[in-house]
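Structure file query-v4.pdb; described as PDB, C-alpha atoms.
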ATOM      1  CA  LEU A   3      -8.948 -11.758  -3.631
ATOM      2  CA  PRO A   4      -5.781  -9.831  -2.843
ATOM      3  CA  VAL A   5      -2.736 -11.717  -1.627
ATOM      4  CA  GLU A   6      -2.374 -11.586   2.145
ATOM      5  CA  MET A   7      -0.223 -13.174   4.866
ATOM      6  CA  VAL A   8       3.031 -12.292   3.095
ATOM      7  CA  SER A   9       6.087 -10.709   4.632
ATOM      8  CA  TRP A  10       8.171  -8.080   2.866
ATOM      9  CA  LYS A  11      10.813 -10.768   2.395
ATOM     10  CA  ASP A  12       8.199 -13.084   0.817
ATOM     11  CA  CYS A  13       7.353 -10.296  -1.628
ATOM     12  CA  LEU A  14      10.980  -9.966  -2.694
ATOM     13  CA  LYS A  15      11.228 -13.715  -3.349
ATOM     14  CA  PHE A  16       8.040 -13.622  -5.438
ATOM     15  CA  ILE A  17       9.232 -10.586  -7.400
ATOM     16  CA  ALA A  18      12.622 -12.175  -8.141
ATOM     17  CA  LYS A  19      10.907 -15.269  -9.524
ATOM     18  CA  LEU A  20       8.388 -13.205 -11.523
ATOM     19  CA  ASN A  21      11.210 -11.132 -13.022
ATOM     20  CA  ARG A  22      13.107 -14.265 -14.036
ATOM     21  CA  MET A  23       9.974 -15.756 -15.621
ATOM     22  CA  THR A  24       8.892 -12.629 -17.502
ATOM     23  CA  GLY A  25      12.154 -10.799 -18.211
ATOM     24  CA  LEU A  26      10.514  -7.654 -16.828
ATOM     25  CA  GLN A  27      11.518  -5.572 -13.807
ATOM     26  CA  PHE A  28       8.704  -5.693 -11.257
ATOM     27  CA  ARG A  29       9.345  -4.317  -7.778
ATOM     28  CA  LEU A  30       7.569  -2.970  -4.729
ATOM     29  CA  PRO A  31       6.705   0.712  -5.089
ATOM     30  CA  THR A  32       8.467   3.300  -3.001
ATOM     31  CA  GLU A  33       6.313   4.928  -0.361
ATOM     32  CA  ALA A  34       6.189   8.123  -2.435
ATOM     33  CA  GLU A  35       5.105   6.211  -5.552
ATOM     34  CA  TRP A  36       2.434   4.378  -3.587
ATOM     35  CA  GLU A  37       0.999   7.610  -2.171
ATOM     36  CA  TYR A  38       1.110   9.370  -5.551
ATOM     37  CA  ALA A  39      -0.885   6.520  -7.093
ATOM     38  CA  ALA A  40      -3.326   6.389  -4.168
ATOM     39  CA  ARG A  41      -3.979  10.136  -4.453
ATOM     40  CA  GLY A  42      -4.810   9.809  -8.152
ATOM     41  CA  GLY A  43      -1.524  10.997  -9.631
ATOM     42  CA  ASN A  44      -1.789  14.062 -11.861
ATOM     43  CA  LYS A  45      -5.567  13.501 -12.064
ATOM     44  CA  SER A  46      -5.964  13.931  -8.303
ATOM     45  CA  LYS A  47      -9.081  15.613  -6.973
ATOM     46  CA  GLY A  48      -7.583  15.898  -3.473
ATOM     47  CA  TYR A  49      -9.662  13.195  -1.823
ATOM     48  CA  GLN A  50      -8.950  12.024   1.723
ATOM     49  CA  TYR A  51      -9.201   8.387   0.603
ATOM     50  CA  SER A  52      -8.109   6.849  -2.688
ATOM     51  CA  GLY A  53     -10.886   7.922  -5.072
ATOM     52  CA  SER A  54     -13.365   9.605  -2.725
ATOM     53  CA  ASP A  55     -13.986  11.493   0.484
ATOM     54  CA  ASN A  56     -16.636   8.840   1.236
ATOM     55  CA  LEU A  57     -14.776   5.776   2.495
ATOM     56  CA  GLU A  58     -17.763   3.460   1.938
ATOM     57  CA  GLU A  59     -17.468   4.075  -1.826
ATOM     58  CA  VAL A  60     -13.834   2.963  -2.123
ATOM     59  CA  ALA A  61     -12.769   0.701   0.728
ATOM     60  CA  TRP A  62     -13.351  -2.428   2.741
ATOM     61  CA  TYR A  63     -12.454  -1.538   6.337
ATOM     62  CA  ASP A  64     -13.441  -2.595   9.851
ATOM     63  CA  GLU A  65     -16.989  -1.202   9.708
ATOM     64  CA  ASN A  66     -18.117  -2.778   6.425
ATOM     65  CA  SER A  67     -15.849  -5.755   5.695
ATOM     66  CA  GLY A  68     -17.433  -8.526   7.727
ATOM     67  CA  LYS A  69     -13.914  -9.190   9.055
ATOM     68  CA  ARG A  70     -12.544 -10.596   5.784
ATOM     69  CA  THR A  71     -10.943  -9.605   2.485
ATOM     70  CA  HIS A  72     -13.116  -9.003  -0.562
ATOM     71  CA  GLN A  73     -12.737  -9.469  -4.287
ATOM     72  CA  VAL A  74     -10.612  -6.735  -5.833
ATOM     73  CA  GLY A  75     -12.545  -4.135  -7.822
ATOM     74  CA  THR A  76     -15.864  -4.359  -5.996
ATOM     75  CA  LYS A  77     -15.569  -0.773  -4.785
ATOM     76  CA  LYS A  78     -15.061   2.414  -6.819
ATOM     77  CA  ALA A  79     -11.613   2.975  -8.397
ATOM     78  CA  ASN A  80      -9.576   6.140  -7.884
ATOM     79  CA  GLU A  81      -8.852   8.748 -10.560
ATOM     80  CA  LEU A  82      -6.204   6.499 -12.164
ATOM     81  CA  GLY A  83      -8.534   3.489 -12.280
ATOM     82  CA  ILE A  84      -6.749   1.741  -9.397
ATOM     83  CA  TYR A  85      -8.830  -0.197  -6.884
ATOM     84  CA  ASP A  86      -8.516  -0.907  -3.160
ATOM     85  CA  MET A  87      -5.722   1.457  -2.172
ATOM     86  CA  SER A  88      -7.612   2.661   0.918
ATOM     87  CA  GLY A  89      -8.770  -0.718   2.165
ATOM     88  CA  ASN A  90      -9.012  -4.480   1.756
ATOM     89  CA  VAL A  91      -5.314  -5.143   2.611
ATOM     90  CA  ARG A  92      -2.435  -2.916   3.629
ATOM     91  CA  GLU A  93       0.374  -2.977   1.056
ATOM     92  CA  TRP A  94       4.118  -3.312   1.480
ATOM     93  CA  CYS A  95       6.335  -0.560   0.102
ATOM     94  CA  ASN A  96      10.046  -0.881  -0.578
ATOM     95  CA  ASP A  97      11.119   1.863   1.855
ATOM     96  CA  TRP A  98      12.569   1.478   5.298
ATOM     97  CA  PHE A  99      10.777   3.628   7.867
ATOM     98  CA  ASP A 100      12.035   7.097   8.619
ATOM     99  CA  TYR A 101      10.326  10.310   9.660
ATOM    100  CA  TYR A 102       9.380  12.624   6.830
ATOM    101  CA  PRO A 103      11.860  15.408   6.065
ATOM    102  CA  THR A 104      10.770  18.884   7.102
ATOM    103  CA  ASP A 105      11.745  20.374   3.734
ATOM    104  CA  LYS A 106       9.522  20.005   0.704
ATOM    105  CA  VAL A 107      10.848  17.184  -1.494
ATOM    106  CA  ASN A 108       9.837  15.641  -4.809
ATOM    107  CA  ASN A 109       9.701  11.813  -4.983
ATOM    108  CA  PRO A 110      11.652  11.181  -1.762
ATOM    109  CA  GLN A 111      13.425   7.860  -1.240
ATOM    110  CA  GLY A 112      13.527   6.174   2.133
ATOM    111  CA  PRO A 113      16.758   5.457   3.993
ATOM    112  CA  ASN A 114      19.104   2.665   2.844
ATOM    113  CA  TYR A 115      18.625   0.603   6.023
ATOM    114  CA  GLY A 116      16.481   0.337   9.122
ATOM    115  CA  ASN A 117      14.453  -1.993  11.307
ATOM    116  CA  MET A 118      10.908  -1.456  10.048
ATOM    117  CA  LYS A 119       9.458  -1.428   6.533
ATOM    118  CA  ILE A 120       6.614   0.842   5.436
ATOM    119  CA  ASN A 121       3.221  -0.417   4.352
ATOM    120  CA  ARG A 122       0.378   1.793   3.259
ATOM    121  CA  GLY A 123      -3.382   1.780   2.808
ATOM    122  CA  GLY A 124      -6.046   0.637   5.197
ATOM    123  CA  SER A 125      -7.370  -2.883   5.449
ATOM    124  CA  TRP A 126     -10.498  -4.828   6.199
ATOM    125  CA  SER A 127      -9.514  -4.810   9.885
ATOM    126  CA  THR A 128      -8.502  -1.162  10.351
ATOM    127  CA  PRO A 129     -10.588   1.860  11.357
ATOM    128  CA  ALA A 130     -11.385   4.656   8.919
ATOM    129  CA  ILE A 131      -8.565   6.911  10.147
ATOM    130  CA  ASN A 132      -6.003   4.295   9.006
ATOM    131  CA  CYS A 133      -7.479   4.292   5.485
ATOM    132  CA  ARG A 134      -6.487   7.882   4.655
ATOM    133  CA  ASN A 135      -4.023   8.335   1.777
ATOM    134  CA  SER A 136      -1.527   9.887   4.184
ATOM    135  CA  TYR A 137      -1.569   7.185   6.861
ATOM    136  CA  ARG A 138       1.679   5.241   7.352
ATOM    137  CA  HIS A 139       2.104   1.785   8.884
ATOM    138  CA  THR A 140       5.291  -0.075   9.806
ATOM    139  CA  ASP A 141       6.112  -3.739  10.312
ATOM    140  CA  PHE A 142       9.268  -5.806  10.549
ATOM    141  CA  PRO A 143      10.266  -7.171   7.105
ATOM    142  CA  ASN A 144       9.799 -10.788   8.195
ATOM    143  CA  GLU A 145       6.269 -10.225   9.567
ATOM    144  CA  ALA A 146       3.199 -11.490   7.767
ATOM    145  CA  SER A 147      -0.330 -10.511   8.754
ATOM    146  CA  HIS A 148      -3.898 -11.472   7.912
ATOM    147  CA  ASP A 149      -4.476  -7.999   6.441
ATOM    148  CA  LEU A 150      -1.138  -7.297   4.778
ATOM    149  CA  GLY A 151      -0.385  -7.844   1.073
ATOM    150  CA  PHE A 152       1.359  -6.037  -1.754
ATOM    151  CA  ARG A 153       0.994  -4.256  -5.066
ATOM    152  CA  LEU A 154       3.624  -4.291  -7.787
ATOM    153  CA  ALA A 155       5.294  -1.481  -9.694
ATOM    154  CA  LEU A 156       6.927  -2.052 -13.081
ATOM    155  CA  SER A 157      10.217  -0.343 -13.945
ATOM    156  CA  GLU A 158      10.869   0.544 -17.557
TER     157      GLU A 158
END
Could you render the structure as structure tokens?
Amino acid sequence: LPVEMVSWKDCLKFIAKLNRMTGLQFRLPTEAEWEYAARGGNKSKGYQYSGSDNLEEVAWYDENSGKRTHQVGTKKANELGIYDMSGNVREWCNDWFDYYPTDKVNNPQGPNYGNMKINRGGSWSTPAINCRNSYRHTDFPNEASHDLGFRLALSE
């Protein structure tokens, strides 16, 4: 099952320990990295959800979850072979919340400070509209929720 009930701050503590143990550089993805991966990267077929236009194929959300998380990989993967980016649990990103810039940008970075952190993806408790690749959520960095987890990125 995916990790849940972790705050953004909990994620940072876990990542620091993991990095010390492995000698690698894990981190939370930026919001732009998360969305790029959810959309299928350079293999994208332009789906509304991560891996399909049919949400039932790729996500556990409020209408099919039975009000609980499910084992990772029980739904169809997206074009990059990544599972559960449109449902099961929302996922923390590294970025502070800000409104999107009006100009077209490539790999934007969030602001250096703020009050709310971004998390992306739908969850077992959210409606279909919140499972779209483009949907953005925010929470305070010390908040933990029954449907909020994380996914790691690895820096080279």
Here is a test: counting all atoms listed in the file, which residue of A:Ala130, A:Met87, A:Leu82, A:Ile120 is nearest to Glu33 of chain A?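 Of all the options, A:Ile120 lies closest to Glu33 of chain A.
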Expected selection from the PyMOL selection byres ((chain A and resi 29) around 9), given as a tab-separated table (two decimals) with C-alpha atoms, keeping the file's coordinate frame:
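Now in selection03.tsv:
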chain	number	residue	atom	x	y	z
A	13	CYS	CA	7.35	-10.30	-1.63
A	14	LEU	CA	10.98	-9.97	-2.69
A	17	ILE	CA	9.23	-10.59	-7.40
A	18	ALA	CA	12.62	-12.18	-8.14
A	21	ASN	CA	11.21	-11.13	-13.02
A	27	GLN	CA	11.52	-5.57	-13.81
A	28	PHE	CA	8.70	-5.69	-11.26
A	30	LEU	CA	7.57	-2.97	-4.73
A	31	PRO	CA	6.70	0.71	-5.09
A	96	ASN	CA	10.05	-0.88	-0.58
A	153	ARG	CA	0.99	-4.26	-5.07
A	154	LEU	CA	3.62	-4.29	-7.79
A	155	ALA	CA	5.29	-1.48	-9.69
A	156	LEU	CA	6.93	-2.05	-13.08
A	157	SER	CA	10.22	-0.34	-13.94
Have a look at A:Phe152, A:Trp62, A:Phe99, A:Trp126 and name the one nearest to Thr140 of chain A; count all atoms listed in the file. A:Phe99
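Here the PyMOL selection byres ((chain A and resi 144) around 10) catches exactly these residues: Val8, Ser9, Trp10, Lys11, Asp12, Met118, Lys119, Asp141, Phe142, Pro143, Glu145 and Ala146 of chain A.
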Interatomic distance, atom CA of His72 of chain A to atom CA of Thr24 of chain A (Å, one decimal):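 Computed distance, atom CA of His72 of chain A to atom CA of Thr24 of chain A, equals 28.0 Å.
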Give me, please, the distance in Å between atom CA of Arg92 of chain A and atom CA of Gly124 of chain A, quoted to one decimal.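 Atom CA of Gly124 of chain A lies 5.3 Å from atom CA of Arg92 of chain A.
Comparing the minimum interatomic distances between Arg70 of chain A and each of A:Gly25, A:Gly89, A:Gly48, A:Gly123, counting all atoms listed in the file, we find that A:Gly89 sits nearest.
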Could you list, as number ranges by chain, every residue within 10 Å of Gln73 of chain A, counting only C-alpha atoms and ignoring same-chain residues fewer than 5 positions away? A: 3-4, 62, 86, 90
What are the centre and the three edge lengths of an axis-aligned box that wraps all atoms of segment 44-61 of chain A in the file, given that 4 Å is added to every side, written as AutoDock Vina command-line options and rounded to one decimal in Å?
--center_x -9.8 --center_y 8.3 --center_z -4.8 --size_x 24.0 --size_y 23.2 --size_z 22.6
Selected residue, from A:Tyr63, A:Tyr85, A:Phe16, A:Tyr38, that lies nearest to Asn135 of chain A when counting all atoms listed in the file: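 Going through A:Tyr63, A:Tyr85, A:Phe16, A:Tyr38 one by one, the smallest distance to Asn135 of chain A is for A:Tyr38.
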Counting only C-alpha atoms, which of A:Asn109, A:Asn132, A:His139, A:Asn117 gets nearest to Thr32 of chain A? A:Asn109
Give me, please, the distance in Å between atom CA of Glu93 of chain A and atom CA of Arg22 of chain A, quoted to one decimal.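 Atom CA of Glu93 of chain A sits 22.7 Å away from atom CA of Arg22 of chain A.
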